[in-house]
Amino acid sequence: MSTILTRLLRATLPAVLAGTFGLQPAHADLYTWVDASGGVNVSNLAPPEGVRITNVIPASAPKTATRDDAREAARDAEVQALTTRVRQLEAEVESRGAGSNYWYYCPDSAGYYPDTQTCPNGWLQVVPNQTPDLTPGTSGQ
């Protein structure tokens, strides 16, 4: 590997890993106080005893559920309900038999579905031809 590529990887890899593993920001109170010499200090550490605290910004609470979280939960519930319904319908179709009892014929193209995919003036539902069983010893209709 070239040295430029190596340097680029060394520089970007920690940022990529931090983003990938979702490092959470720190939450801490911020204190502002004036020390004995009149200097203003800001820190996340508690100030020493005896100084005048001018401001305390409390740590923000961890993020609570948002509307996006609620939307995602509703979407997940809807997907689950639809999946359940599809499985019910598949079981119902399977229990009725492996195939349809009809074929669909298009007079416009003189073809049957699925060989013909569209039919401008509508499909005709037809009973498929049943070839008679001409085996000796059967009634053979």
# chains A, B, ... in the order shown; residues from 1 in each chain; ligands from 1
>>> residues_around(residues="segment 115-121 of chain A", least_positions_apart="5", cutoff="10 Å", atoms="only C-alpha atoms", output="PyMOL selection string")
chain A and resi 104-110
>>> residues_around(residues="Ile53 of chain A", least_positions_apart="2", cutoff="12 Å", atoms="only C-alpha atoms", output="PyMOL selection string")
chain A and resi 30-36+39-43+46-51+55-57
>>> closest_residue(among="A:Asp69, A:Val79, A:Trp123, A:Pro128", to="Trp103 of chain A", atoms="only C-alpha atoms")
A:Pro128
>>> select_by_dssp(residues="segment 21-86 of chain A", states="strand (DSSP E)", output="ChimeraX atom specification")
/A:30-34,40-43,52-57
>>> atom_distance(atom1="atom CA of Asn101 of chain A", atom2="atom CA of Pro114 of chain A")
14.8 Å
